[in-house]
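Student: Sending over coords-v1.cif (mmCIF, C-alpha atoms and all ligand atoms).
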data_data
#
loop_
_atom_site.label_atom_id
_atom_site.label_comp_id
_atom_site.auth_asym_id
_atom_site.auth_seq_id
_atom_site.Cartn_x
_atom_site.Cartn_y
_atom_site.Cartn_z
CA MET X 25 0.00 0.00 0.00
CA PRO X 26 1.17 3.55 -0.57
CA LEU X 27 2.59 5.15 2.54
CA LEU X 28 2.43 8.65 4.01
CA VAL X 29 4.37 10.12 6.91
CA VAL X 30 2.49 12.80 8.84
CA LYS X 31 3.86 14.71 11.81
CA PHE X 32 1.88 16.61 14.44
CA GLY X 33 3.70 19.28 16.44
CA GLY X 34 3.07 20.17 20.08
CA THR X 35 0.13 22.52 19.61
CA SER X 36 -1.55 20.01 17.26
CA VAL X 37 -1.60 17.39 20.05
CA GLY X 38 -1.89 19.85 22.96
CA SER X 39 -5.11 18.36 24.40
CA LEU X 40 -7.20 15.20 24.04
CA ASP X 41 -9.54 17.13 21.75
CA LYS X 42 -6.69 18.17 19.51
CA ILE X 43 -5.37 14.60 19.43
CA ARG X 44 -8.86 13.53 18.31
CA ARG X 45 -8.83 16.15 15.57
CA ALA X 46 -5.37 15.04 14.42
CA ALA X 47 -6.45 11.39 14.50
CA LYS X 48 -9.38 12.26 12.21
CA ARG X 49 -6.90 13.69 9.68
CA VAL X 50 -5.00 10.42 9.82
CA GLY X 51 -8.28 8.52 9.44
CA VAL X 52 -8.98 10.40 6.20
CA GLU X 53 -5.65 9.27 4.74
CA VAL X 54 -6.28 5.66 5.83
CA ALA X 55 -9.71 5.79 4.17
CA ARG X 56 -7.97 7.00 1.00
CA GLY X 57 -5.95 3.79 1.04
CA TYR X 58 -2.70 4.91 2.66
CA ASP X 59 -0.76 3.19 5.39
CA VAL X 60 0.41 5.99 7.65
CA ILE X 61 3.37 6.58 9.93
CA VAL X 62 2.36 9.29 12.38
CA ILE X 63 5.17 11.11 14.17
CA VAL X 64 4.06 12.94 17.29
CA SER X 65 5.62 15.66 19.43
CA ALA X 66 5.01 16.10 23.13
CA MET X 67 1.95 18.14 24.09
CA SER X 68 2.73 21.86 23.78
CA GLY X 69 4.70 23.17 26.77
CA LYS X 70 5.57 19.66 28.00
CA THR X 71 9.15 19.53 26.72
CA ASN X 72 9.91 22.97 28.22
CA GLU X 73 8.56 21.78 31.56
CA LEU X 74 10.72 18.65 31.44
CA VAL X 75 13.82 20.65 30.45
CA ASN X 76 13.21 22.98 33.41
CA TRP X 77 12.75 20.08 35.82
CA VAL X 78 16.11 18.68 34.77
CA GLY X 79 17.81 22.06 35.25
CA GLU X 80 16.24 22.54 38.69
CA THR X 81 17.24 19.05 39.81
CA SER X 82 20.79 19.18 38.52
CA PRO X 83 22.30 22.37 37.05
CA LEU X 84 25.28 20.53 35.52
CA PHE X 85 23.14 17.60 34.49
CA ASP X 86 24.24 14.28 33.00
CA ALA X 87 23.10 14.51 29.37
CA ARG X 88 22.02 10.85 29.32
CA GLU X 89 19.51 11.50 32.10
CA TYR X 90 18.41 14.75 30.43
CA ASP X 91 17.46 12.66 27.40
CA ALA X 92 15.77 10.02 29.58
CA VAL X 93 13.54 12.73 31.07
CA VAL X 94 13.02 15.05 28.12
CA SER X 95 12.13 12.29 25.63
CA SER X 96 9.20 11.16 27.79
CA GLY X 97 6.69 13.76 26.60
CA GLU X 98 6.50 12.11 23.19
CA ASN X 99 5.82 8.68 24.74
CA VAL X 100 2.59 9.96 26.23
CA THR X 101 1.25 11.46 23.00
CA ALA X 102 2.24 8.37 20.97
CA GLY X 103 0.20 6.12 23.26
CA LEU X 104 -2.75 8.51 23.38
CA MET X 105 -2.79 8.91 19.59
CA ALA X 106 -2.73 5.11 19.09
CA LEU X 107 -5.61 4.72 21.56
CA THR X 108 -7.61 7.48 19.84
CA LEU X 109 -7.14 5.81 16.46
CA GLN X 110 -8.16 2.45 17.90
CA GLU X 111 -11.34 4.09 19.23
CA MET X 112 -12.02 5.10 15.62
CA ASP X 113 -11.54 1.45 14.55
CA VAL X 114 -8.26 2.20 12.81
CA PRO X 115 -5.67 -0.56 13.49
CA ALA X 116 -2.91 1.48 15.13
CA ARG X 117 0.06 0.79 17.40
CA SER X 118 2.48 3.13 19.17
CA TRP X 119 6.26 2.84 18.93
CA GLN X 120 8.93 4.48 21.04
CA GLY X 121 12.20 5.27 19.29
CA TRP X 122 14.09 2.26 20.68
CA GLN X 123 11.36 -0.15 19.58
CA VAL X 124 11.60 0.78 15.90
CA PRO X 125 14.63 1.16 16.45
CA VAL X 126 15.64 4.72 15.51
CA MET X 127 19.40 4.31 15.71
CA THR X 128 21.32 7.50 16.49
CA THR X 129 24.76 8.73 17.44
CA SER X 130 25.48 9.01 21.15
CA ALA X 131 25.63 12.84 21.10
CA HIS X 132 23.01 13.20 23.84
CA SER X 133 20.53 16.07 23.43
CA ALA X 134 21.78 16.65 19.88
CA ALA X 135 21.95 13.14 18.42
CA ARG X 136 21.81 12.41 14.70
CA ILE X 137 19.79 9.63 13.18
CA GLU X 138 22.10 7.06 11.60
CA ASP X 139 19.67 4.37 10.53
CA ILE X 140 16.02 3.38 10.71
CA PRO X 141 15.62 -0.32 9.91
CA THR X 142 12.19 -0.84 8.37
CA GLU X 143 11.66 -4.53 9.24
CA ASN X 144 9.76 -4.23 12.52
CA LEU X 145 7.19 -1.72 11.31
CA ASN X 146 6.81 -3.35 7.90
CA ALA X 147 6.15 -6.74 9.53
CA LYS X 148 3.27 -5.12 11.47
CA PHE X 149 1.96 -3.33 8.37
CA ASP X 150 1.95 -6.75 6.66
CA GLU X 151 -0.11 -8.13 9.54
CA GLY X 152 -2.77 -5.45 9.05
CA MET X 153 -1.61 -2.50 11.14
CA ARG X 154 -2.62 0.64 9.20
CA VAL X 155 -1.02 3.30 11.36
CA ALA X 156 2.27 3.27 13.25
CA VAL X 157 2.38 6.12 15.76
CA VAL X 158 6.02 6.88 16.47
CA ALA X 159 7.30 9.07 19.30
CA GLY X 160 9.27 11.83 17.59
CA PHE X 161 12.48 13.50 18.79
CA GLN X 162 14.01 10.32 20.27
CA GLY X 163 16.21 7.38 19.39
CA ILE X 164 18.68 4.92 20.84
CA SER X 165 22.47 5.23 20.95
CA PRO X 166 24.94 2.45 20.10
CA GLU X 167 25.35 2.08 23.89
CA GLY X 168 21.64 1.34 24.20
CA ARG X 169 20.69 4.63 25.90
CA ILE X 170 17.76 6.86 24.94
CA THR X 171 18.84 9.92 22.94
CA THR X 172 17.06 13.09 21.75
CA LEU X 173 17.61 14.97 18.51
CA GLY X 174 17.70 18.60 19.68
CA ARG X 175 14.74 20.95 20.10
CA GLY X 176 12.25 20.72 17.28
CA GLY X 177 13.65 17.27 16.46
CA SER X 178 10.32 15.61 15.64
CA ASP X 179 10.46 17.30 12.24
CA THR X 180 13.69 15.42 11.61
CA THR X 181 12.19 12.15 12.84
CA ALA X 182 9.38 12.64 10.33
CA VAL X 183 11.61 13.31 7.33
CA ALA X 184 13.97 10.48 8.28
CA PHE X 185 11.03 8.04 8.37
CA ALA X 186 9.75 9.33 5.04
CA ALA X 187 13.20 8.70 3.54
CA ALA X 188 13.68 5.28 5.15
CA PHE X 189 10.23 3.99 4.16
CA GLY X 190 10.08 5.68 0.76
CA ALA X 191 6.90 7.56 1.70
CA GLU X 192 4.91 9.28 -1.02
CA ARG X 193 4.99 12.52 1.01
CA CYS X 194 5.89 13.90 4.41
CA ASP X 195 3.27 16.26 5.82
CA ILE X 196 4.27 18.44 8.77
CA TYR X 197 1.11 19.60 10.56
CA THR X 198 1.63 22.65 12.75
CA ASP X 199 -0.11 25.76 14.11
CA VAL X 200 0.41 27.89 10.98
CA ASP X 201 -0.85 27.00 7.51
CA GLY X 202 2.55 26.94 5.84
CA VAL X 203 5.91 28.65 5.55
CA TYR X 204 5.59 32.44 5.45
CA THR X 205 7.84 35.23 4.22
CA THR X 206 8.52 35.81 7.92
CA ASP X 207 7.13 34.61 11.23
CA PRO X 208 3.43 35.55 11.03
CA ARG X 209 3.54 36.20 14.79
CA ILE X 210 5.94 39.10 14.18
CA SER X 211 4.52 40.65 11.02
CA GLU X 212 0.86 40.74 10.03
CA LYS X 213 2.01 41.39 6.50
CA ALA X 214 3.76 38.01 6.32
CA ARG X 215 2.63 36.15 3.21
CA LYS X 216 2.21 32.39 2.94
CA LEU X 217 4.41 30.83 0.26
CA ASP X 218 3.02 28.02 -1.91
CA LYS X 219 6.54 26.73 -2.51
CA ILE X 220 9.97 27.39 -1.07
CA ALA X 221 13.32 26.08 -2.30
CA PHE X 222 15.23 23.63 -0.08
CA GLU X 223 18.23 25.98 0.06
CA GLU X 224 16.11 28.89 1.23
CA MET X 225 14.25 26.82 3.80
CA LEU X 226 17.56 25.48 5.05
CA GLU X 227 18.90 29.02 5.57
CA LEU X 228 15.68 30.30 7.14
CA ALA X 229 15.59 27.35 9.55
CA SER X 230 19.23 27.65 10.53
CA LEU X 231 18.80 31.42 11.01
CA GLY X 232 15.96 30.93 13.47
CA ALA X 233 12.67 30.20 11.65
CA LYS X 234 11.65 27.29 13.84
CA VAL X 235 8.79 26.12 11.63
CA LEU X 236 11.11 23.26 10.54
CA GLN X 237 14.21 21.94 12.29
CA THR X 238 17.26 22.62 10.12
CA ARG X 239 18.32 18.99 10.04
CA SER X 240 14.91 17.94 8.70
CA VAL X 241 15.37 20.20 5.69
CA GLU X 242 18.88 18.86 5.10
CA LEU X 243 17.56 15.30 5.11
CA ALA X 244 14.63 16.13 2.83
CA MET X 245 17.02 17.76 0.38
CA ARG X 246 19.47 14.86 0.44
CA TYR X 247 16.88 12.08 0.15
CA LYS X 248 14.47 13.96 -2.13
CA VAL X 249 11.56 13.72 0.28
CA LYS X 250 8.41 15.49 -0.84
CA LEU X 251 7.97 17.78 2.16
CA ARG X 252 4.97 19.93 3.01
CA VAL X 253 4.09 22.21 5.94
CA LEU X 254 0.39 22.73 6.68
CA SER X 255 -2.10 23.56 9.41
CA SER X 256 -3.67 20.89 11.57
CA PHE X 257 -6.61 23.20 12.30
CA ASP X 258 -8.03 23.95 8.84
CA GLU X 259 -9.58 21.70 6.22
CA GLN X 260 -6.81 20.51 3.91
CA THR X 261 -6.52 19.51 0.26
CA GLU X 262 -3.58 18.21 -1.80
CA THR X 263 -2.50 21.79 -2.57
CA SER X 264 -2.81 23.31 0.92
CA GLY X 265 0.22 24.46 2.83
CA THR X 266 3.74 25.05 1.55
CA TYR X 267 5.79 22.56 -0.44
CA VAL X 268 9.54 22.60 0.13
CA CYS X 269 10.99 21.74 -3.27
CA ASP X 270 13.85 22.13 -5.75
CA GLU X 271 14.80 25.59 -6.92
CA GLU X 272 13.80 24.76 -10.49
CA GLU X 273 10.15 24.42 -9.45
CA ILE X 274 9.96 27.98 -8.10
CA MET X 275 8.53 30.70 -10.31
CA GLU X 276 9.04 33.68 -7.98
CA SER X 277 12.04 35.83 -8.71
CA ASN X 278 12.30 38.21 -5.75
CA ALA X 279 15.84 38.92 -4.58
CA VAL X 280 14.73 38.17 -1.04
CA SER X 281 12.15 35.52 -0.16
CA GLY X 282 12.13 35.61 3.59
CA VAL X 283 13.23 37.30 6.81
CA ALA X 284 14.32 35.25 9.81
CA TYR X 285 15.30 36.21 13.34
CA SER X 286 16.98 34.63 16.28
CA ARG X 287 16.39 36.12 19.70
CA ASP X 288 18.86 34.10 21.72
CA GLU X 289 22.15 35.49 20.51
CA ALA X 290 25.00 36.90 22.54
CA LYS X 291 27.90 39.03 21.34
CA MET X 292 31.23 38.34 23.02
CA THR X 293 34.22 40.65 22.59
CA LEU X 294 37.78 39.90 23.58
CA ILE X 295 39.38 43.27 24.16
CA SER X 296 42.98 43.75 23.14
CA VAL X 297 44.36 40.43 22.03
CA ALA X 298 47.75 40.15 20.37
CA ASP X 299 47.35 40.36 16.59
CA ARG X 300 49.68 37.55 15.53
CA PRO X 301 49.47 34.51 13.26
CA GLY X 302 47.57 31.74 15.02
CA ILE X 303 45.56 33.97 17.34
CA ALA X 304 42.21 33.04 15.79
CA ALA X 305 43.06 29.35 16.14
CA ALA X 306 44.13 29.91 19.75
CA ILE X 307 40.77 31.56 20.54
CA PHE X 308 38.34 29.45 18.53
CA GLY X 309 40.04 26.10 19.17
CA PRO X 310 39.18 26.06 22.90
CA LEU X 311 35.66 27.37 22.10
CA ALA X 312 35.10 24.49 19.68
CA ASP X 313 36.47 22.00 22.21
CA ALA X 314 34.00 23.35 24.76
CA GLY X 315 31.13 22.79 22.32
CA VAL X 316 30.39 26.49 21.78
CA ASN X 317 28.59 27.12 18.47
CA VAL X 318 30.31 30.24 17.24
CA ASP X 319 28.35 31.97 14.51
CA MET X 320 29.49 35.41 13.39
CA ILE X 321 33.12 36.52 13.78
CA VAL X 322 34.68 39.95 13.37
CA GLN X 323 38.27 40.94 13.93
CA ASN X 324 38.73 44.67 14.35
CA ILE X 325 41.51 46.77 12.87
CA SER X 326 44.72 46.23 14.71
CA GLU X 327 46.52 49.03 16.52
CA GLU X 328 50.06 48.64 17.79
CA GLY X 329 49.88 44.89 17.34
CA ARG X 330 46.70 44.44 19.34
CA THR X 331 43.13 43.94 18.18
CA ASP X 332 39.60 43.24 19.44
CA MET X 333 37.95 39.98 18.42
CA THR X 334 34.14 39.75 18.42
CA PHE X 335 32.00 36.67 17.92
CA SER X 336 28.41 35.62 18.51
CA CYS X 337 27.05 32.45 20.07
CA PRO X 338 23.73 31.30 21.60
CA THR X 339 22.99 33.00 24.95
CA ASP X 340 22.89 29.71 26.82
CA GLN X 341 26.50 29.04 25.80
CA VAL X 342 27.95 32.29 27.19
CA LEU X 343 29.06 30.72 30.47
CA ARG X 344 30.73 27.86 28.65
CA ALA X 345 32.47 30.30 26.29
CA GLU X 346 33.72 32.43 29.18
CA LYS X 347 35.05 29.37 30.97
CA ALA X 348 36.88 28.15 27.86
CA LEU X 349 38.48 31.54 27.19
CA GLN X 350 39.47 32.09 30.83
CA GLY X 351 41.02 28.61 30.75
CA ALA X 352 43.02 29.44 27.63
CA LYS X 353 44.17 32.70 29.23
CA ALA X 354 45.24 30.90 32.41
CA GLU X 355 47.22 28.42 30.30
CA GLY X 356 48.89 31.31 28.50
CA SER X 357 47.77 30.37 24.97
CA ILE X 358 45.89 33.67 24.63
CA ASN X 359 46.09 37.00 26.39
CA TYR X 360 43.37 39.65 26.50
CA HIS X 361 42.56 42.65 28.68
CA ASP X 362 38.86 42.01 29.06
CA LEU X 363 36.03 39.77 27.91
CA VAL X 364 32.70 41.54 27.42
CA ALA X 365 29.44 39.65 26.89
CA ASP X 366 26.48 41.54 25.44
CA GLN X 367 23.40 39.38 25.91
CA ASP X 368 20.88 41.93 24.64
CA VAL X 369 21.34 41.31 20.95
CA ALA X 370 19.36 39.50 18.26
CA LYS X 371 20.17 38.34 14.77
CA VAL X 372 18.00 39.33 11.83
CA SER X 373 18.60 37.85 8.38
CA VAL X 374 17.27 38.15 4.87
CA VAL X 375 17.36 35.04 2.67
CA GLY X 376 16.80 34.46 -1.01
CA ILE X 377 18.22 32.47 -3.90
CA GLY X 378 17.45 35.58 -5.99
CA MET X 379 20.41 37.29 -4.28
CA ARG X 380 22.72 35.35 -6.58
CA SER X 381 21.50 37.43 -9.50
CA HIS X 382 20.40 40.69 -7.84
CA ALA X 383 23.00 43.30 -6.86
CA GLY X 384 22.57 45.79 -4.04
CA VAL X 385 20.58 43.65 -1.62
CA ALA X 386 22.96 44.36 1.27
CA ALA X 387 22.84 48.10 0.63
CA GLN X 388 19.06 48.02 0.55
CA MET X 389 18.99 46.09 3.83
CA PHE X 390 21.36 48.48 5.60
CA HIS X 391 19.43 51.47 4.28
CA ALA X 392 16.14 50.09 5.64
CA LEU X 393 17.68 49.55 9.08
CA HIS X 394 19.25 53.00 9.05
CA ALA X 395 15.89 54.56 8.20
CA GLU X 396 14.56 53.09 11.47
CA GLY X 397 17.61 54.29 13.40
CA ILE X 398 18.78 50.73 14.06
CA ASN X 399 22.49 50.32 14.61
CA ILE X 400 24.20 47.25 13.12
CA LYS X 401 26.77 45.59 15.38
CA VAL X 402 28.01 42.70 13.26
CA ILE X 403 27.34 41.66 9.66
CA THR X 404 27.84 38.33 7.90
CA THR X 405 26.90 37.28 4.41
CA SER X 406 26.83 34.18 2.28
CA GLU X 407 25.65 33.56 -1.27
CA ILE X 408 21.95 33.60 -0.39
CA LYS X 409 21.73 35.37 2.98
CA ILE X 410 22.75 38.50 4.86
CA SER X 411 22.62 38.55 8.66
CA VAL X 412 23.04 41.43 11.09
CA LEU X 413 23.35 41.54 14.83
CA ILE X 414 21.35 44.37 16.42
CA ASP X 415 19.99 45.39 19.84
CA ARG X 416 17.28 42.92 20.79
CA LYS X 417 14.74 45.65 21.54
CA TYR X 418 14.69 46.53 17.82
CA MET X 419 14.27 42.96 16.58
CA GLU X 420 10.56 43.08 15.71
CA LEU X 421 10.93 46.53 14.18
CA ALA X 422 13.85 45.34 12.04
CA VAL X 423 11.93 42.29 10.79
CA GLN X 424 8.96 44.47 9.83
CA ALA X 425 11.13 47.16 8.22
CA LEU X 426 12.96 44.58 6.10
CA HIS X 427 9.71 42.85 5.15
CA ASP X 428 8.45 46.23 3.92
CA ALA X 429 11.69 47.25 2.22
CA PHE X 430 11.81 44.08 0.11
CA GLU X 431 8.04 44.20 -0.51
CA LEU X 432 7.61 40.63 0.64
CA GLU X 433 3.85 41.04 1.04
CA LYS X 434 3.66 41.03 -2.77
CA SER X 435 4.45 37.96 -4.83
CA ALA X 436 6.87 38.46 -7.69
P1 LIG D 1 5.33 22.66 16.15
O1 LIG D 1 5.06 22.61 17.62
O2 LIG D 1 4.15 22.30 15.32
O3 LIG D 1 6.59 21.94 15.76
P2 LIG D 1 6.79 25.17 16.07
O4 LIG D 1 6.40 26.14 17.15
O5 LIG D 1 8.03 24.40 16.26
O6 LIG D 1 5.54 24.21 15.82
O7 LIG D 1 6.87 25.92 14.65
C1 LIG D 1 5.78 26.68 14.19
C2 LIG D 1 6.01 28.15 14.49
O8 LIG D 1 7.11 28.62 13.71
C3 LIG D 1 4.88 29.08 14.08
O9 LIG D 1 3.90 29.16 15.08
C4 LIG D 1 5.59 30.41 13.83
O10 LIG D 1 5.46 31.30 14.91
C5 LIG D 1 7.06 30.03 13.72
N1 LIG D 1 7.69 30.56 12.50
C6 LIG D 1 8.88 31.21 12.47
N2 LIG D 1 9.16 31.60 11.22
C7 LIG D 1 8.17 31.17 10.42
C8 LIG D 1 7.92 31.26 9.02
N3 LIG D 1 8.78 31.86 8.18
N4 LIG D 1 6.80 30.70 8.55
C9 LIG D 1 5.92 30.09 9.36
N5 LIG D 1 6.10 29.96 10.70
C10 LIG D 1 7.21 30.50 11.24
N1 LIG D 2 9.03 18.08 21.82
C1 LIG D 2 10.32 18.45 21.29
C2 LIG D 2 10.55 19.94 21.45
O1 LIG D 2 9.69 20.64 21.96
C3 LIG D 2 10.50 18.02 19.86
C4 LIG D 2 9.51 18.63 18.89
O2 LIG D 2 8.44 19.07 19.27
O3 LIG D 2 9.83 18.61 17.70
O4 LIG D 2 11.59 20.42 21.11
MG MG D 3 8.65 22.44 15.90
#
Before anything else, please render the file you have as structure tokens.
Tutor:
Amino acid sequence: MPLLVVKFGGTSVGSLDKIRRAAKRVGVEVARGYDVIVIVSAMSGKTNELVNWVGETSPLFDAREYDAVVSSGENVTAGLMALTLQEMDVPARSWQGWQVPVMTTSAHSAARIEDIPTENLNAKFDEGMRVAVVAGFQGISPEGRITTLGRGGSDTTAVAFAAAFGAERCDIYTDVDGVYTTDPRISEKARKLDKIAFEEMLELASLGAKVLQTRSVELAMRYKVKLRVLSSFDEQTETSGTYVCDEEEIMESNAVSGVAYSRDEAKMTLISVADRPGIAAAIFGPLADAGVNVDMIVQNISEEGRTDMTFSCPTDQVLRAEKALQGAKAEGSINYHDLVADQDVAKVSVVGIGMRSHAGVAAQMFHALHAEGINIKVITTSEIKISVLIDRKYMELAVQALHDAFELEKSA
């Protein structure tokens, strides 16, 4: 039988009523003749609560136990969804990650899926099971411990199952009816896109648009999974939502297709480090070893052999970064006068494959920010994106100003 993978995010399974509504959607696909793998998230708010409980119990927690606790929210929804489907006379069974098994690396709290053997589920489909409800976000390490895939990881579970089982499509049901030109919660002018290119979605996701986890987009691109984002609350047809697809299928030709933001950024500046060959390696080596995800980097102009080095990283990694740099200073591999952390910054980015062929996008972006009196602290660019670090209090304003400046409310 043809197979679909459908994923329901936290708000789509946030109550028993919502689980019933989601189950009805699955029932429609079963009635159409599909076998379905349903990937479920924890009920909305549950994962945050579990993460907080871990932090309160043990500030420097053991990551294996973090995963044991934090993965549990999905187990509850998987069981409840299977029961709801059974009540509707749909032959359904729940599966936790280890039962499938979803085999991952042992990088706890940020594990990668390595393999999803299809035998166990396929044997049950052959016996008449029509729906496998799989707990998203979790897997099992080579050591036999429960792992999780990083926040938002159920998206990645869904795409990985679609790839492993050769599903006809992977539908991601969420609380918005597709991918927008920017977060519709920030700009009322945000416009829903019918299609978005993999490359653009990948950039938007990695720059903060949490509608899809970055890794899920990478997998969909690599394994050519037909991926769609749509609302679990509205009536849906084959053309609802947003399809994430190859560039060639996109007709729009705007220079910019979307604006993304990331609230949780910090800017760290090392004041007065020696400007000598190897200094960048001496600074960023220990940061990498400490697991700090450095994003933007700027080295200032050097004066009398000394320079300031600025970089950005997620706010929750500031302590780790400070510890690593103080350690390197104590060892004598680097020397600096001061280390200043600015935690009140945010990153705003514009993304578009059209940038490859349009000149002047950066100038237009900087002009729009200037017109609102917003100061830019750090800039980085790549082929299809430009990012700036600004004061966090201007983040919403910057997103709206850029959305206006690039006329994203209009389709090209
Ligand atoms: P789920 O719980 O279903 O996984 P998420 O909260 O992870 O849902 O992702 C959906 C949210 O992503 C939306 O509610 C929206 O606020 C946010 N979002 C950010 N950027 C975008 C965008 N460009 N298009 C659509 N949604 C976006
Ligand atoms: N429940 C997990 C989270 O909140 C995974 C997910 O919903 O995708 O991050
Ligand atoms: Mg999500």
Student: Where does stretch 237-329 of chain X meet stretch 347-359 of chain X within 9 Å, residue by residue, with the nearest atom pair and distance in Å to one decimal for each, counting all atoms listed in the file, listed by chain and rising number, as JSON lines?
Tutor:
{"residue": "X:Ser296", "atom": "CA", "partner": "X:Asn359", "partner_atom": "CA", "distance": 8.1}
{"residue": "X:Val297", "atom": "CA", "partner": "X:Asn359", "partner_atom": "CA", "distance": 5.8}
{"residue": "X:Ala298", "atom": "CA", "partner": "X:Asn359", "partner_atom": "CA", "distance": 7.0}
{"residue": "X:Ile303", "atom": "CA", "partner": "X:Ile358", "partner_atom": "CA", "distance": 7.3}
{"residue": "X:Ala306", "atom": "CA", "partner": "X:Ser357", "partner_atom": "CA", "distance": 6.4}
{"residue": "X:Ile307", "atom": "CA", "partner": "X:Ile358", "partner_atom": "CA", "distance": 6.9}
{"residue": "X:Phe308", "atom": "CA", "partner": "X:Leu349", "partner_atom": "CA", "distance": 8.9}
{"residue": "X:Pro310", "atom": "CA", "partner": "X:Ala348", "partner_atom": "CA", "distance": 5.9}
{"residue": "X:Leu311", "atom": "CA", "partner": "X:Ala348", "partner_atom": "CA", "distance": 5.9}
{"residue": "X:Asp313", "atom": "CA", "partner": "X:Ala348", "partner_atom": "CA", "distance": 8.4}
{"residue": "X:Ala314", "atom": "CA", "partner": "X:Ala348", "partner_atom": "CA", "distance": 6.4}
Student: Can you pull out every residue with an atom within 7 Å of ligand MG 3 (chain D)? Use only C-alpha atoms and all ligand atoms and format it as a PDB file with C-alpha atoms, in the coordinates of the input.
Tutor:
ATOM      1  CA  GLY X  33       3.700  19.280  16.440  1.00  0.00           C
ATOM      2  CA  GLY X 176      12.250  20.720  17.280  1.00  0.00           C
ATOM      3  CA  ASP X 179      10.460  17.300  12.240  1.00  0.00           C
ATOM      4  CA  LYS X 234      11.650  27.290  13.840  1.00  0.00           C
ATOM      5  CA  VAL X 235       8.790  26.120  11.630  1.00  0.00           C
ATOM      6  CA  LEU X 236      11.110  23.260  10.540  1.00  0.00           C
ATOM      7  CA  GLN X 237      14.210  21.940  12.290  1.00  0.00           C
TER       8      GLN X 237
END
Student: Using only C-alpha atoms, pick whichever of X:Val37, X:Ala102, X:Met153, X:Met275 has the shortest atom-to-atom distance to X:Val60.
Tutor: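 For X:Val60, the nearest of the candidates is X:Met153.
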Student: Just to confirm, what's the straight-line distance from atom CA of X:Ala135 to atom CA of X:Ser165 in Å (one decimal)?
Tutor: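 Between atom CA of X:Ala135 and atom CA of X:Ser165 the gap is 8.3 Å.
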Student: Just give me the gap between atom CA of X:Ala191 and atom CA of X:Thr129 in Å, one decimal is fine.
Tutor: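 Pair atom CA of X:Ala191 / atom CA of X:Thr129 returns 23.8 Å.
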Student: Using only C-alpha atoms, find each residue of stretch 271-343 of chain X with at least one atom at most 12 Å away from an atom of stretch 389-398 of chain X; report its shortest atom-to-atom pair and that distance in Å (one decimal), sort the rows by chain and rising residue number, and return the result as a tab-separated table.
Tutor:
residue	atom	partner	partner_atom	distance
X:Ala279	CA	X:Met389	CA	11.5
X:Val280	CA	X:Met389	CA	10.2
X:Val283	CA	X:Met389	CA	10.9
Student: X:Ile43: which residues within 9 Å, counting only C-alpha atoms, same-chain residues fewer than 3 positions away excluded, as a ChimeraX atom specification?
Tutor: /X:36-40,46-48,101,104-105,108
Student: Compute the distance from (28.6, 43.4, 26.7) to each atom, counting all atoms listed in the file, keep the residues with any atom at most 7 Å away, and return them as a list in words; use the coordinates of the file.
Tutor: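 Answer for this query, in the requested form: Lys291, Met292, Val364, Ala365, Asp366 and Gln367 of chain X.
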Student: Have a look at X:Glu212, X:Asp288, X:Asp201, X:Asp340 and name the one nearest to ligand LIG 1 (chain D); count all atoms listed in the file.
Tutor: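 Between X:Glu212, X:Asp288, X:Asp201, X:Asp340, the residue approaching ligand LIG 1 (chain D) most closely is X:Asp201.
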Student: Skipping near chain neighbours, those fewer than 4 positions away, what residues fall within 10 Å of X:Met25 using all atoms listed in the file, listed as a list in words?
Tutor: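 Those residues are Gly57, Tyr58, Asp59, Val60, Phe149, Asp150 and Arg154 of chain X.
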Student: Nearest to X:Val200: which of X:Leu254, X:Leu413, X:Leu28, X:Ala188 is it, counting only C-alpha atoms?
Tutor: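 So, comparing all the options, the nearest one is X:Leu254.
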Student: Specify the axis-aligned box that encloses all atoms of ligand LIG 1 (chain D) listed in the file after padding of 3 Å on each side, stating its centre and edge lengths in Å to one decimal as AutoDock Vina command-line options.
Tutor:
--center_x 6.5 --center_y 26.9 --center_z 12.9 --size_x 11.3 --size_y 15.9 --size_z 15.4
Student: Excluding X:Glu407 and any residue of its chain fewer than 2 positions from it, enumerate the residues within 7 Å of it, using only C-alpha atoms, and give them as a list of chain:residue names.
Tutor: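 Result of the neighbour search: X:Arg380, X:Thr405, X:Lys409.
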Student: Between X:Ser373, X:Ser118, X:Ser277, X:Gln341, single out the one closest to ligand LIG 1 (chain D), counting only C-alpha atoms and all ligand atoms.
Tutor: X:Ser373
Student: Once you count all atoms listed in the file, which residues end up no further than 7 Å from (26.1, 30.1, 22.7) in the file's frame, shown as a list in words?
Tutor: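 Here the neighbourhood of the point contains Ala290, Val316, Asn317, Val318, Cys337, Pro338, Thr339, Asp340, Gln341 and Val342 of chain X.
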Student: For atom CA of X:Pro26 and atom CA of X:Glu272, determine how far apart the two atoms are, in Å to one decimal place.
Tutor: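 Result for atom CA of X:Pro26 versus atom CA of X:Glu272: 26.6 Å, one decimal.
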Student: Kindly indicate which residue among X:Arg209, X:Arg44, X:Lys417, X:Arg252 lies nearest to ligand LIG 1 (chain D), using only C-alpha atoms and all ligand atoms for the distances.
Tutor: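 So, comparing all the options, the nearest one is X:Arg209.
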